[in-house]
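Participant: Mind looking over this structure? Questions follow.
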Amino acid sequence: MENTNVNQPVVEKKSSHKVLWGVLCLIVPFLLFVLTLSAYAIVAFISQQSAVEPTDTIQKVQMGLGIFGMVDFLAFIVGIPVGIVLLVKSKKS
């Protein structure tokens, strides 16, 4: 009987970790994608409002943000199914 009481909190802790990771897998890629798009829009707006042509630095920042946005989008594609699986598995446990 004592071993059952010891194992029960471990199962609850494991289930809560699955819920936490499931929610993070659903929310974090979306937030990073929105922040990346916002940063790209701000940089593009600033570069267009300046009187001179965009410098190499601005173009490199835009390219970096574009690549980061692609990586975020891939994380979004992977994060949605993984988050759903983790949330469903946590309810079964």
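A note on labels: chains of the structure tokens are A, B, ... as shown, every chain counts residues from 1, and ligands are counted from 1 in their shown order.
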I'd like the contact shell of A:Tyr40 - 10 Å cut-off, only C-alpha atoms, skipping same-chain residues fewer than 2 positions apart - returned as a list in words.
Facilitator: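 Here the answer would be Val34, Leu35, Thr36, Leu37, Ser38, Ile42, Val43, Ala44, Phe45, Ile46, Val61, Gln62, Met63, Gly64, Leu65, Gly66 and Gly69 of chain A.
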Participant: Using atom CA of A:Leu20 and atom CA of A:Leu87 as the two end points, give the distance in Å to one decimal.
Facilitator: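 Separating atom CA of A:Leu20 from atom CA of A:Leu87 is a distance of 8.5 Å.
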Participant: With a distance cut-off of 9 Å and only C-alpha atoms, select the neighbouring residues of A:Val19, excluding the residue or stretch itself and same-chain residues fewer than 6 positions from it, and output the selection as a PyMOL selection string.
Facilitator: chain A and resi 83+86-91
Participant: Keeping only C-alpha atoms, write the selected residues to a file as a JSON list (two decimals), in the first residue's frame.
Facilitator:
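See part29.json below for the written result:
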[["chain", "number", "residue", "atom", "x", "y", "z"],
["A", 83, "GLY", "CA", 1.31, 19.55, -28.55],
["A", 86, "LEU", "CA", 1.05, 15.46, -25.45],
["A", 87, "LEU", "CA", -2.27, 16.92, -24.29],
["A", 88, "VAL", "CA", -4.19, 13.80, -25.31],
["A", 89, "LYS", "CA", -1.63, 11.48, -23.68],
["A", 90, "SER", "CA", -1.77, 13.48, -20.44],
["A", 91, "LYS", "CA", -5.52, 12.96, -20.17]]
Participant: Give the answer as one residue: which of A:Lys92, A:Phe30, A:Val85, A:Thr55 has the shortest atom-to-atom distance to A:Asp72, using only C-alpha atoms?
Facilitator: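 Closest to A:Asp72 of all the choices is A:Phe30.
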Participant: One number please: atom CA of A:Leu74 to atom CA of A:Ala41, in Å, one decimal.
Facilitator: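 Pair atom CA of A:Leu74 / atom CA of A:Ala41 returns 20.0 Å.
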Participant: Could you jot down the atom CA of A:Ala75 to atom CA of A:Trp21 separation for me, Å, one decimal place?
Facilitator: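 Interatomic distance, atom CA of A:Ala75 to atom CA of A:Trp21: 14.0 Å.
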Participant: Which of these, A:Val71, A:Ile84, A:Val78, A:Ile58, has the shortest distance to A:Leu32 once you count only C-alpha atoms?
Facilitator: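 So, comparing all the options, the nearest one is A:Val71.
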Participant: So that I can check the surroundings of A:Phe76, please list as number ranges by chain every protein, DNA and RNA residue that reaches within 10 Å of it, counting only C-alpha atoms and ignoring chain neighbours fewer than 5 positions away.
Facilitator: A: 25-33, 70-71, 81-82
